[in-house]
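For reference, input28.cif (mmCIF, N, CA and C atoms):
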data_input
loop_
_atom_site.label_atom_id
_atom_site.label_comp_id
_atom_site.auth_asym_id
_atom_site.auth_seq_id
_atom_site.Cartn_x
_atom_site.Cartn_y
_atom_site.Cartn_z
N MET R 1 36.98 6.93 -6.22
CA MET R 1 36.58 5.67 -5.63
C MET R 1 37.70 4.64 -5.64
N LEU R 2 38.45 4.60 -6.71
CA LEU R 2 39.55 3.64 -6.77
C LEU R 2 40.68 4.02 -5.84
N GLU R 3 40.98 5.32 -5.80
CA GLU R 3 42.09 5.79 -4.97
C GLU R 3 41.87 5.48 -3.50
N HIS R 4 40.62 5.57 -3.05
CA HIS R 4 40.32 5.35 -1.63
C HIS R 4 39.78 3.95 -1.35
N HIS R 5 39.84 3.08 -2.35
CA HIS R 5 39.45 1.67 -2.19
C HIS R 5 38.02 1.54 -1.67
N ALA R 6 37.10 2.29 -2.29
CA ALA R 6 35.72 2.34 -1.81
C ALA R 6 35.05 0.97 -1.79
N HIS R 7 35.28 0.17 -2.82
CA HIS R 7 34.59 -1.12 -2.84
C HIS R 7 35.11 -2.10 -1.78
N PRO R 8 36.41 -2.35 -1.71
CA PRO R 8 36.86 -3.30 -0.69
C PRO R 8 36.55 -2.84 0.73
N VAL R 9 36.58 -1.54 0.95
CA VAL R 9 36.26 -1.04 2.30
C VAL R 9 34.77 -1.18 2.58
N SER R 10 33.93 -0.80 1.63
CA SER R 10 32.48 -0.80 1.86
C SER R 10 31.90 -2.21 1.95
N VAL R 11 32.52 -3.16 1.31
CA VAL R 11 31.96 -4.52 1.32
C VAL R 11 32.12 -5.19 2.68
N HIS R 12 33.04 -4.70 3.50
CA HIS R 12 33.22 -5.30 4.82
C HIS R 12 32.01 -5.08 5.72
N PHE R 13 31.29 -3.99 5.53
CA PHE R 13 30.13 -3.69 6.37
C PHE R 13 29.05 -4.77 6.22
N PRO R 14 28.50 -4.99 5.03
CA PRO R 14 27.47 -6.03 4.94
C PRO R 14 28.02 -7.44 5.16
N ASN R 15 29.26 -7.70 4.77
CA ASN R 15 29.80 -9.04 4.97
C ASN R 15 30.07 -9.34 6.45
N GLY R 16 30.18 -8.31 7.25
CA GLY R 16 30.31 -8.52 8.69
C GLY R 16 28.96 -8.68 9.38
N ILE R 17 27.96 -8.01 8.83
CA ILE R 17 26.63 -8.04 9.45
C ILE R 17 25.81 -9.26 9.02
N LEU R 18 25.97 -9.70 7.78
CA LEU R 18 25.18 -10.83 7.28
C LEU R 18 25.28 -12.08 8.17
N PRO R 19 26.47 -12.51 8.55
CA PRO R 19 26.52 -13.71 9.41
C PRO R 19 25.82 -13.51 10.74
N VAL R 20 25.93 -12.33 11.29
CA VAL R 20 25.25 -12.04 12.57
C VAL R 20 23.75 -12.14 12.39
N ALA R 21 23.23 -11.54 11.33
CA ALA R 21 21.79 -11.58 11.07
C ALA R 21 21.30 -13.01 10.89
N VAL R 22 22.03 -13.80 10.13
CA VAL R 22 21.62 -15.19 9.90
C VAL R 22 21.67 -16.00 11.19
N VAL R 23 22.69 -15.82 11.98
CA VAL R 23 22.77 -16.51 13.27
C VAL R 23 21.61 -16.10 14.16
N LEU R 24 21.28 -14.81 14.17
CA LEU R 24 20.14 -14.35 14.98
C LEU R 24 18.83 -14.97 14.49
N PHE R 25 18.65 -15.07 13.18
CA PHE R 25 17.44 -15.71 12.65
C PHE R 25 17.38 -17.18 13.06
N ILE R 26 18.51 -17.87 13.00
CA ILE R 26 18.54 -19.28 13.39
C ILE R 26 18.25 -19.42 14.88
N LEU R 27 18.83 -18.57 15.70
CA LEU R 27 18.55 -18.60 17.14
C LEU R 27 17.07 -18.31 17.43
N ALA R 28 16.50 -17.37 16.68
CA ALA R 28 15.07 -17.05 16.87
C ALA R 28 14.22 -18.27 16.54
N TRP R 29 14.61 -19.00 15.51
CA TRP R 29 13.88 -20.20 15.10
C TRP R 29 14.03 -21.32 16.13
N VAL R 30 15.29 -21.59 16.52
CA VAL R 30 15.56 -22.69 17.43
C VAL R 30 14.94 -22.46 18.81
N PHE R 31 15.07 -21.24 19.31
CA PHE R 31 14.57 -20.95 20.65
C PHE R 31 13.18 -20.30 20.65
N ASN R 32 12.61 -20.15 19.47
CA ASN R 32 11.27 -19.58 19.32
C ASN R 32 11.13 -18.26 20.10
N THR R 33 12.09 -17.35 19.84
CA THR R 33 12.08 -16.06 20.51
C THR R 33 12.01 -14.93 19.49
N GLU R 34 11.11 -14.04 19.72
CA GLU R 34 10.87 -12.92 18.81
C GLU R 34 12.01 -11.91 18.82
N LEU R 35 12.66 -11.76 19.96
CA LEU R 35 13.72 -10.76 20.11
C LEU R 35 14.86 -10.98 19.12
N PHE R 36 15.34 -12.21 19.01
CA PHE R 36 16.43 -12.50 18.07
C PHE R 36 15.99 -12.26 16.63
N GLY R 37 14.75 -12.58 16.31
CA GLY R 37 14.23 -12.35 14.96
C GLY R 37 14.22 -10.86 14.63
N LYS R 38 13.77 -10.05 15.56
CA LYS R 38 13.76 -8.61 15.35
C LYS R 38 15.18 -8.06 15.20
N ALA R 39 16.09 -8.56 16.02
CA ALA R 39 17.48 -8.11 15.93
C ALA R 39 18.09 -8.51 14.58
N GLY R 40 17.80 -9.71 14.11
CA GLY R 40 18.27 -10.13 12.80
C GLY R 40 17.70 -9.26 11.70
N PHE R 41 16.42 -8.94 11.80
CA PHE R 41 15.77 -8.08 10.81
C PHE R 41 16.41 -6.69 10.78
N ILE R 42 16.66 -6.11 11.93
CA ILE R 42 17.28 -4.78 12.00
C ILE R 42 18.66 -4.82 11.35
N ASN R 43 19.41 -5.88 11.61
CA ASN R 43 20.72 -6.03 10.96
C ASN R 43 20.57 -6.10 9.45
N MET R 44 19.57 -6.82 8.97
CA MET R 44 19.35 -6.95 7.53
C MET R 44 18.98 -5.61 6.90
N VAL R 45 18.28 -4.78 7.62
CA VAL R 45 17.94 -3.44 7.11
C VAL R 45 19.22 -2.65 6.86
N PHE R 46 20.17 -2.74 7.76
CA PHE R 46 21.45 -2.05 7.56
C PHE R 46 22.20 -2.61 6.35
N VAL R 47 22.09 -3.90 6.14
CA VAL R 47 22.73 -4.50 4.96
C VAL R 47 22.08 -3.96 3.69
N ILE R 48 20.74 -3.93 3.67
CA ILE R 48 20.01 -3.40 2.50
C ILE R 48 20.42 -1.96 2.22
N LEU R 49 20.61 -1.17 3.27
CA LEU R 49 21.01 0.22 3.08
C LEU R 49 22.43 0.34 2.54
N ALA R 50 23.30 -0.59 2.88
CA ALA R 50 24.69 -0.54 2.43
C ALA R 50 24.88 -1.12 1.03
N LEU R 51 24.07 -2.07 0.64
CA LEU R 51 24.29 -2.78 -0.62
C LEU R 51 24.32 -1.89 -1.87
N PRO R 52 23.48 -0.88 -2.00
CA PRO R 52 23.59 -0.06 -3.22
C PRO R 52 24.97 0.56 -3.42
N PHE R 53 25.57 1.05 -2.36
CA PHE R 53 26.92 1.63 -2.48
C PHE R 53 27.95 0.55 -2.77
N VAL R 54 27.81 -0.59 -2.14
CA VAL R 54 28.74 -1.70 -2.38
C VAL R 54 28.68 -2.12 -3.85
N LEU R 55 27.48 -2.29 -4.36
CA LEU R 55 27.31 -2.70 -5.76
C LEU R 55 27.82 -1.62 -6.71
N PHE R 56 27.47 -0.37 -6.44
CA PHE R 56 27.91 0.73 -7.30
C PHE R 56 29.44 0.83 -7.32
N SER R 57 30.05 0.78 -6.15
CA SER R 57 31.51 0.89 -6.10
C SER R 57 32.17 -0.31 -6.76
N GLY R 58 31.55 -1.47 -6.66
CA GLY R 58 32.08 -2.65 -7.34
C GLY R 58 32.04 -2.52 -8.85
N VAL R 59 30.94 -1.99 -9.36
CA VAL R 59 30.81 -1.78 -10.80
C VAL R 59 31.83 -0.75 -11.29
N ILE R 60 31.98 0.32 -10.54
CA ILE R 60 32.96 1.35 -10.91
C ILE R 60 34.37 0.76 -10.94
N GLU R 61 34.71 -0.01 -9.93
CA GLU R 61 36.04 -0.61 -9.89
C GLU R 61 36.22 -1.58 -11.05
N TRP R 62 35.20 -2.38 -11.34
CA TRP R 62 35.27 -3.34 -12.44
C TRP R 62 35.45 -2.62 -13.78
N LYS R 63 34.74 -1.51 -13.95
CA LYS R 63 34.84 -0.77 -15.21
C LYS R 63 36.19 -0.07 -15.36
N LYS R 64 36.63 0.61 -14.32
CA LYS R 64 37.82 1.45 -14.44
C LYS R 64 39.13 0.68 -14.21
N LYS R 65 39.14 -0.19 -13.24
CA LYS R 65 40.38 -0.89 -12.90
C LYS R 65 40.58 -2.15 -13.76
N TYR R 66 39.48 -2.82 -14.09
CA TYR R 66 39.58 -4.09 -14.81
C TYR R 66 39.02 -4.03 -16.23
N ASN R 67 38.73 -2.83 -16.71
CA ASN R 67 38.25 -2.60 -18.08
C ASN R 67 37.07 -3.50 -18.46
N GLN R 68 36.18 -3.72 -17.54
CA GLN R 68 34.96 -4.51 -17.74
C GLN R 68 35.26 -5.93 -18.23
N ALA R 69 36.38 -6.45 -17.83
CA ALA R 69 36.75 -7.82 -18.23
C ALA R 69 35.70 -8.78 -17.72
N LEU R 70 35.15 -9.59 -18.60
CA LEU R 70 34.11 -10.53 -18.22
C LEU R 70 34.70 -11.94 -18.12
N THR R 71 35.65 -12.05 -17.22
CA THR R 71 36.31 -13.34 -16.97
C THR R 71 35.40 -14.20 -16.11
N PRO R 72 35.68 -15.49 -15.99
CA PRO R 72 34.86 -16.35 -15.11
C PRO R 72 34.78 -15.82 -13.67
N VAL R 73 35.86 -15.26 -13.17
CA VAL R 73 35.85 -14.72 -11.80
C VAL R 73 34.83 -13.59 -11.69
N PHE R 74 34.82 -12.67 -12.65
CA PHE R 74 33.88 -11.56 -12.58
C PHE R 74 32.44 -12.03 -12.81
N LYS R 75 32.26 -13.03 -13.65
CA LYS R 75 30.91 -13.58 -13.85
C LYS R 75 30.38 -14.17 -12.54
N ILE R 76 31.24 -14.89 -11.84
CA ILE R 76 30.83 -15.46 -10.55
C ILE R 76 30.54 -14.36 -9.54
N LYS R 77 31.40 -13.33 -9.50
CA LYS R 77 31.18 -12.23 -8.56
C LYS R 77 29.88 -11.48 -8.86
N ILE R 78 29.59 -11.27 -10.12
CA ILE R 78 28.36 -10.58 -10.51
C ILE R 78 27.14 -11.42 -10.13
N MET R 79 27.21 -12.72 -10.41
CA MET R 79 26.10 -13.62 -10.05
C MET R 79 25.93 -13.68 -8.53
N ALA R 80 27.04 -13.76 -7.81
CA ALA R 80 26.98 -13.83 -6.35
C ALA R 80 26.40 -12.54 -5.77
N ALA R 81 26.79 -11.40 -6.32
CA ALA R 81 26.25 -10.11 -5.86
C ALA R 81 24.76 -10.03 -6.13
N ALA R 82 24.34 -10.48 -7.30
CA ALA R 82 22.92 -10.46 -7.64
C ALA R 82 22.13 -11.39 -6.73
N LEU R 83 22.66 -12.57 -6.47
CA LEU R 83 21.98 -13.52 -5.59
C LEU R 83 21.92 -13.02 -4.15
N THR R 84 23.01 -12.45 -3.68
CA THR R 84 23.03 -11.90 -2.32
C THR R 84 22.00 -10.79 -2.18
N THR R 85 21.98 -9.88 -3.13
CA THR R 85 21.05 -8.75 -3.08
C THR R 85 19.61 -9.22 -3.15
N THR R 86 19.33 -10.14 -4.06
CA THR R 86 17.97 -10.66 -4.22
C THR R 86 17.50 -11.38 -2.96
N ALA R 87 18.35 -12.24 -2.42
CA ALA R 87 17.99 -12.97 -1.20
C ALA R 87 17.80 -12.03 -0.02
N CYS R 88 18.62 -10.99 0.05
CA CYS R 88 18.49 -10.01 1.13
C CYS R 88 17.17 -9.26 1.02
N LEU R 89 16.83 -8.85 -0.18
CA LEU R 89 15.54 -8.17 -0.40
C LEU R 89 14.38 -9.09 -0.06
N ILE R 90 14.45 -10.33 -0.50
CA ILE R 90 13.39 -11.30 -0.19
C ILE R 90 13.24 -11.45 1.32
N SER R 91 14.36 -11.59 2.00
CA SER R 91 14.35 -11.77 3.45
C SER R 91 13.71 -10.58 4.17
N VAL R 92 14.13 -9.38 3.81
CA VAL R 92 13.60 -8.18 4.47
C VAL R 92 12.11 -8.00 4.17
N VAL R 93 11.74 -8.12 2.92
CA VAL R 93 10.33 -7.95 2.55
C VAL R 93 9.47 -9.04 3.19
N TRP R 94 9.94 -10.27 3.17
CA TRP R 94 9.20 -11.38 3.76
C TRP R 94 8.98 -11.13 5.25
N TYR R 95 10.03 -10.69 5.96
CA TYR R 95 9.89 -10.41 7.38
C TYR R 95 8.92 -9.26 7.63
N LEU R 96 8.97 -8.25 6.76
CA LEU R 96 8.03 -7.13 6.91
C LEU R 96 6.58 -7.58 6.72
N ILE R 97 6.35 -8.43 5.73
CA ILE R 97 5.00 -8.90 5.45
C ILE R 97 4.52 -9.88 6.51
N ASP R 98 5.42 -10.74 6.96
CA ASP R 98 5.07 -11.78 7.93
C ASP R 98 6.11 -11.85 9.04
N PRO R 99 5.98 -11.01 10.07
CA PRO R 99 6.96 -11.03 11.16
C PRO R 99 7.01 -12.37 11.90
N ASP R 100 5.99 -13.20 11.68
CA ASP R 100 5.94 -14.51 12.33
C ASP R 100 6.61 -15.59 11.47
N VAL R 101 7.40 -15.18 10.49
CA VAL R 101 8.02 -16.11 9.55
C VAL R 101 8.99 -17.08 10.25
N LEU R 102 9.46 -16.73 11.40
CA LEU R 102 10.40 -17.59 12.11
C LEU R 102 9.73 -18.55 13.09
N SER R 103 8.42 -18.67 12.99
CA SER R 103 7.74 -19.66 13.83
C SER R 103 8.20 -21.04 13.40
N PRO R 104 8.26 -21.97 14.32
CA PRO R 104 8.85 -23.29 14.01
C PRO R 104 8.25 -24.00 12.78
N SER R 105 7.01 -23.77 12.45
CA SER R 105 6.38 -24.52 11.37
C SER R 105 6.79 -24.07 9.98
N LYS R 106 7.21 -22.82 9.81
CA LYS R 106 7.48 -22.32 8.46
C LYS R 106 8.83 -21.63 8.29
N ALA R 107 9.67 -21.69 9.27
CA ALA R 107 10.93 -20.93 9.22
C ALA R 107 11.99 -21.55 8.33
N TRP R 108 11.93 -22.82 8.06
CA TRP R 108 13.03 -23.48 7.35
C TRP R 108 13.28 -22.89 5.97
N ILE R 109 12.25 -22.48 5.25
CA ILE R 109 12.46 -21.87 3.93
C ILE R 109 13.11 -20.50 4.08
N PHE R 110 12.64 -19.72 5.04
CA PHE R 110 13.23 -18.41 5.32
C PHE R 110 14.70 -18.56 5.69
N ILE R 111 15.00 -19.51 6.55
CA ILE R 111 16.39 -19.75 6.97
C ILE R 111 17.21 -20.18 5.75
N LEU R 112 16.66 -21.02 4.90
CA LEU R 112 17.38 -21.47 3.70
C LEU R 112 17.71 -20.29 2.78
N VAL R 113 16.76 -19.37 2.60
CA VAL R 113 17.02 -18.17 1.78
C VAL R 113 18.19 -17.39 2.37
N ASN R 114 18.22 -17.27 3.67
CA ASN R 114 19.29 -16.52 4.33
C ASN R 114 20.63 -17.24 4.27
N ILE R 115 20.63 -18.56 4.33
CA ILE R 115 21.88 -19.31 4.21
C ILE R 115 22.42 -19.20 2.78
N VAL R 116 21.52 -19.25 1.79
CA VAL R 116 21.95 -19.06 0.40
C VAL R 116 22.55 -17.66 0.23
N MET R 117 21.92 -16.66 0.83
CA MET R 117 22.44 -15.30 0.77
C MET R 117 23.84 -15.22 1.38
N LEU R 118 24.00 -15.80 2.53
CA LEU R 118 25.28 -15.78 3.22
C LEU R 118 26.35 -16.53 2.42
N ALA R 119 25.98 -17.66 1.85
CA ALA R 119 26.93 -18.43 1.04
C ALA R 119 27.36 -17.65 -0.21
N SER R 120 26.42 -17.00 -0.86
CA SER R 120 26.78 -16.25 -2.07
C SER R 120 27.66 -15.05 -1.75
N ALA R 121 27.40 -14.40 -0.63
CA ALA R 121 28.29 -13.30 -0.20
C ALA R 121 29.67 -13.82 0.13
N GLY R 122 29.72 -14.98 0.77
CA GLY R 122 31.00 -15.59 1.10
C GLY R 122 31.78 -15.99 -0.14
N ILE R 123 31.10 -16.53 -1.14
CA ILE R 123 31.77 -16.91 -2.39
C ILE R 123 32.37 -15.68 -3.05
N ALA R 124 31.59 -14.61 -3.14
CA ALA R 124 32.10 -13.37 -3.76
C ALA R 124 33.33 -12.87 -3.01
N GLY R 125 33.31 -12.95 -1.71
CA GLY R 125 34.45 -12.50 -0.92
C GLY R 125 35.66 -13.40 -1.06
N LEU R 126 35.43 -14.69 -1.11
CA LEU R 126 36.55 -15.65 -1.18
C LEU R 126 37.31 -15.56 -2.50
N ILE R 127 36.60 -15.25 -3.58
CA ILE R 127 37.31 -15.20 -4.86
C ILE R 127 37.95 -13.85 -5.12
N GLY R 128 37.76 -12.93 -4.19
CA GLY R 128 38.49 -11.66 -4.28
C GLY R 128 37.74 -10.51 -4.85
#
Could you write out this file's structure as structure tokens?
Amino acid sequence: MLEHHAHPVSVHFPNGILPVAVVLFILAWVFNTELFGKAGFINMVFVILALPFVLFSGVIEWKKKYNQALTPVFKIKIMAAALTTTACLISVVWYLIDPDVLSPSKAWIFILVNIVMLASAGIAGLIG
């Protein structure tokens, strides 16, 4: 995993899809269109499928390359990964339970969860 840079390579997949999904959710909310909401949801499913490998490869790299150093940077990365994963799961499950979650009257909390998810993924990426 270290030799082939599994973690840095695999993390690009969800970090590329997350902004698209969030933008699609926002467009679905603003324009009150179901199509964008469904497209955002489908993108989030792909993120959920990729996250276990991303997290696993990150842990392996942290253990083997960085000797499990619990520096402030790694604490932030671990917290950001946990927050991103949790928010992503909440988003997918919430959409499955209530596909009408993006209706204008109740979408703001759903959108906020997704923006928090996107921000935490961005923080993890920015600090390396």
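The nearest approach to R:Ile26 among the residues R:Val116, R:Gly40, R:Lys63, R:Phe13, with all atoms listed in the file taken into account, belongs to R:Gly40.
Atom pair atom N of R:Trp94 / atom C of R:Gly122 has a distance of 22.8 Å (rounded to one decimal).
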Shell around R:Ser103 at 8 Å using all atoms listed in the file, local window under 2 positions removed, as a PyMOL selection string: chain R and resi 28-30+32-33+99-101+105-108
Residues returned when the PyMOL selection byres ((chain R and resi 47) around 8) runs on this file, as a VMD selection string: chain R and resid 13 to 15 17 to 18 41 to 46 48 to 52 88
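As for atom CA of R:Phe74 and atom CA of R:Ala119, they are spaced 16.8 Å apart.
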Taking all atoms of stretch 70-75 of chain R that appear in the file, build a box with edges along x, y and z, extend it by 8 Å on every side, and state its centre and edge lengths in Å to one decimal, as JSON.
{"center_x": 33.3, "center_y": -13.0, "center_z": -15.1, "size_x": 21.9, "size_y": 22.8, "size_z": 22.9}
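Picture a line from atom C of R:Gly16 to atom CA of R:Pro104; it runs 25.3 Å.
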Helix (DSSP H, G or I) call set, DSSP backbone run, chain R, as a VMD selection string: chain R and resid 6 to 31 34 to 65 72 to 97 107 to 126
Nearby residues (all atoms listed in the file) at most 6 Å from R:Ser120, same-chain spacing under 4 positions excluded, as a list in words: Ala80, Ala81, Thr84, Ile115, Val116 and Ala124 of chain R
For R:Pro19, the nearest of the candidates R:Val92, R:Leu83, R:Met117, R:Ile127, counting only C-alpha atoms: R:Met117
Answer key for the PyMOL selection byres ((chain R and resi 3-7) around 8), residues as JSON, numbers by chain: {"R": [1, 2, 8, 9, 10, 11, 12, 53, 54, 55, 56, 57, 58, 59, 61]}
Would you fill out stretch 114-125 of chain R with all heavy atoms and return it as a PDB file, in the coordinates of the input?
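The resulting file, selection_33.pdb, is shown below:
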ATOM      1  N   ASN R 114      18.220 -17.270   3.670  1.00  0.00           N
ATOM      2  CA  ASN R 114      19.290 -16.520   4.330  1.00  0.00           C
ATOM      3  C   ASN R 114      20.630 -17.240   4.270  1.00  0.00           C
ATOM      4  O   ASN R 114      21.677 -16.603   4.137  1.00  0.00           O
ATOM      5  CB  ASN R 114      18.897 -16.202   5.773  1.00  0.00           C
ATOM      6  CG  ASN R 114      17.947 -15.049   5.840  1.00  0.00           C
ATOM      7  OD1 ASN R 114      18.354 -13.902   5.814  1.00  0.00           O
ATOM      8  ND2 ASN R 114      16.647 -15.341   5.863  1.00  0.00           N
ATOM      9  N   ILE R 115      20.630 -18.560   4.330  1.00  0.00           N
ATOM     10  CA  ILE R 115      21.880 -19.310   4.210  1.00  0.00           C
ATOM     11  C   ILE R 115      22.420 -19.200   2.780  1.00  0.00           C
ATOM     12  O   ILE R 115      23.631 -19.043   2.580  1.00  0.00           O
ATOM     13  CB  ILE R 115      21.676 -20.770   4.645  1.00  0.00           C
ATOM     14  CG1 ILE R 115      21.492 -20.805   6.165  1.00  0.00           C
ATOM     15  CG2 ILE R 115      22.843 -21.649   4.212  1.00  0.00           C
ATOM     16  CD1 ILE R 115      21.109 -22.147   6.732  1.00  0.00           C
ATOM     17  N   VAL R 116      21.520 -19.250   1.790  1.00  0.00           N
ATOM     18  CA  VAL R 116      21.950 -19.060   0.400  1.00  0.00           C
ATOM     19  C   VAL R 116      22.550 -17.660   0.230  1.00  0.00           C
ATOM     20  O   VAL R 116      23.594 -17.498  -0.419  1.00  0.00           O
ATOM     21  CB  VAL R 116      20.763 -19.275  -0.573  1.00  0.00           C
ATOM     22  CG1 VAL R 116      21.076 -18.758  -1.969  1.00  0.00           C
ATOM     23  CG2 VAL R 116      20.384 -20.747  -0.612  1.00  0.00           C
ATOM     24  N   MET R 117      21.920 -16.660   0.830  1.00  0.00           N
ATOM     25  CA  MET R 117      22.440 -15.300   0.770  1.00  0.00           C
ATOM     26  C   MET R 117      23.840 -15.220   1.380  1.00  0.00           C
ATOM     27  O   MET R 117      24.761 -14.644   0.792  1.00  0.00           O
ATOM     28  CB  MET R 117      21.490 -14.345   1.503  1.00  0.00           C
ATOM     29  CG  MET R 117      21.998 -12.939   1.655  1.00  0.00           C
ATOM     30  SD  MET R 117      20.986 -11.965   2.765  1.00  0.00           S
ATOM     31  CE  MET R 117      21.057 -12.901   4.267  1.00  0.00           C
ATOM     32  N   LEU R 118      24.000 -15.800   2.530  1.00  0.00           N
ATOM     33  CA  LEU R 118      25.280 -15.780   3.220  1.00  0.00           C
ATOM     34  C   LEU R 118      26.350 -16.530   2.420  1.00  0.00           C
ATOM     35  O   LEU R 118      27.477 -16.047   2.283  1.00  0.00           O
ATOM     36  CB  LEU R 118      25.134 -16.397   4.614  1.00  0.00           C
ATOM     37  CG  LEU R 118      26.334 -16.341   5.545  1.00  0.00           C
ATOM     38  CD1 LEU R 118      26.785 -14.909   5.764  1.00  0.00           C
ATOM     39  CD2 LEU R 118      25.982 -17.003   6.862  1.00  0.00           C
ATOM     40  N   ALA R 119      25.980 -17.660   1.850  1.00  0.00           N
ATOM     41  CA  ALA R 119      26.930 -18.430   1.040  1.00  0.00           C
ATOM     42  C   ALA R 119      27.360 -17.650  -0.210  1.00  0.00           C
ATOM     43  O   ALA R 119      28.548 -17.632  -0.549  1.00  0.00           O
ATOM     44  CB  ALA R 119      26.311 -19.769   0.647  1.00  0.00           C
ATOM     45  N   SER R 120      26.420 -17.000  -0.860  1.00  0.00           N
ATOM     46  CA  SER R 120      26.780 -16.250  -2.070  1.00  0.00           C
ATOM     47  C   SER R 120      27.660 -15.050  -1.750  1.00  0.00           C
ATOM     48  O   SER R 120      28.606 -14.750  -2.480  1.00  0.00           O
ATOM     49  CB  SER R 120      25.537 -15.827  -2.856  1.00  0.00           C
ATOM     50  OG  SER R 120      24.731 -14.942  -2.114  1.00  0.00           O
ATOM     51  N   ALA R 121      27.400 -14.400  -0.630  1.00  0.00           N
ATOM     52  CA  ALA R 121      28.290 -13.300  -0.200  1.00  0.00           C
ATOM     53  C   ALA R 121      29.670 -13.820   0.130  1.00  0.00           C
ATOM     54  O   ALA R 121      30.685 -13.209  -0.197  1.00  0.00           O
ATOM     55  CB  ALA R 121      27.683 -12.576   0.999  1.00  0.00           C
ATOM     56  N   GLY R 122      29.720 -14.980   0.770  1.00  0.00           N
ATOM     57  CA  GLY R 122      31.000 -15.590   1.100  1.00  0.00           C
ATOM     58  C   GLY R 122      31.780 -15.990  -0.140  1.00  0.00           C
ATOM     59  O   GLY R 122      33.004 -15.784  -0.195  1.00  0.00           O
ATOM     60  N   ILE R 123      31.100 -16.530  -1.140  1.00  0.00           N
ATOM     61  CA  ILE R 123      31.770 -16.910  -2.390  1.00  0.00           C
ATOM     62  C   ILE R 123      32.370 -15.680  -3.050  1.00  0.00           C
ATOM     63  O   ILE R 123      33.523 -15.696  -3.492  1.00  0.00           O
ATOM     64  CB  ILE R 123      30.796 -17.639  -3.319  1.00  0.00           C
ATOM     65  CG1 ILE R 123      30.510 -19.041  -2.762  1.00  0.00           C
ATOM     66  CG2 ILE R 123      31.339 -17.716  -4.741  1.00  0.00           C
ATOM     67  CD1 ILE R 123      29.357 -19.757  -3.428  1.00  0.00           C
ATOM     68  N   ALA R 124      31.590 -14.610  -3.140  1.00  0.00           N
ATOM     69  CA  ALA R 124      32.100 -13.370  -3.760  1.00  0.00           C
ATOM     70  C   ALA R 124      33.330 -12.870  -3.010  1.00  0.00           C
ATOM     71  O   ALA R 124      34.301 -12.424  -3.629  1.00  0.00           O
ATOM     72  CB  ALA R 124      31.012 -12.298  -3.777  1.00  0.00           C
ATOM     73  N   GLY R 125      33.310 -12.950  -1.710  1.00  0.00           N
ATOM     74  CA  GLY R 125      34.450 -12.500  -0.920  1.00  0.00           C
ATOM     75  C   GLY R 125      35.660 -13.400  -1.060  1.00  0.00           C
ATOM     76  O   GLY R 125      36.795 -12.936  -1.112  1.00  0.00           O
TER      77      GLY R 125
END
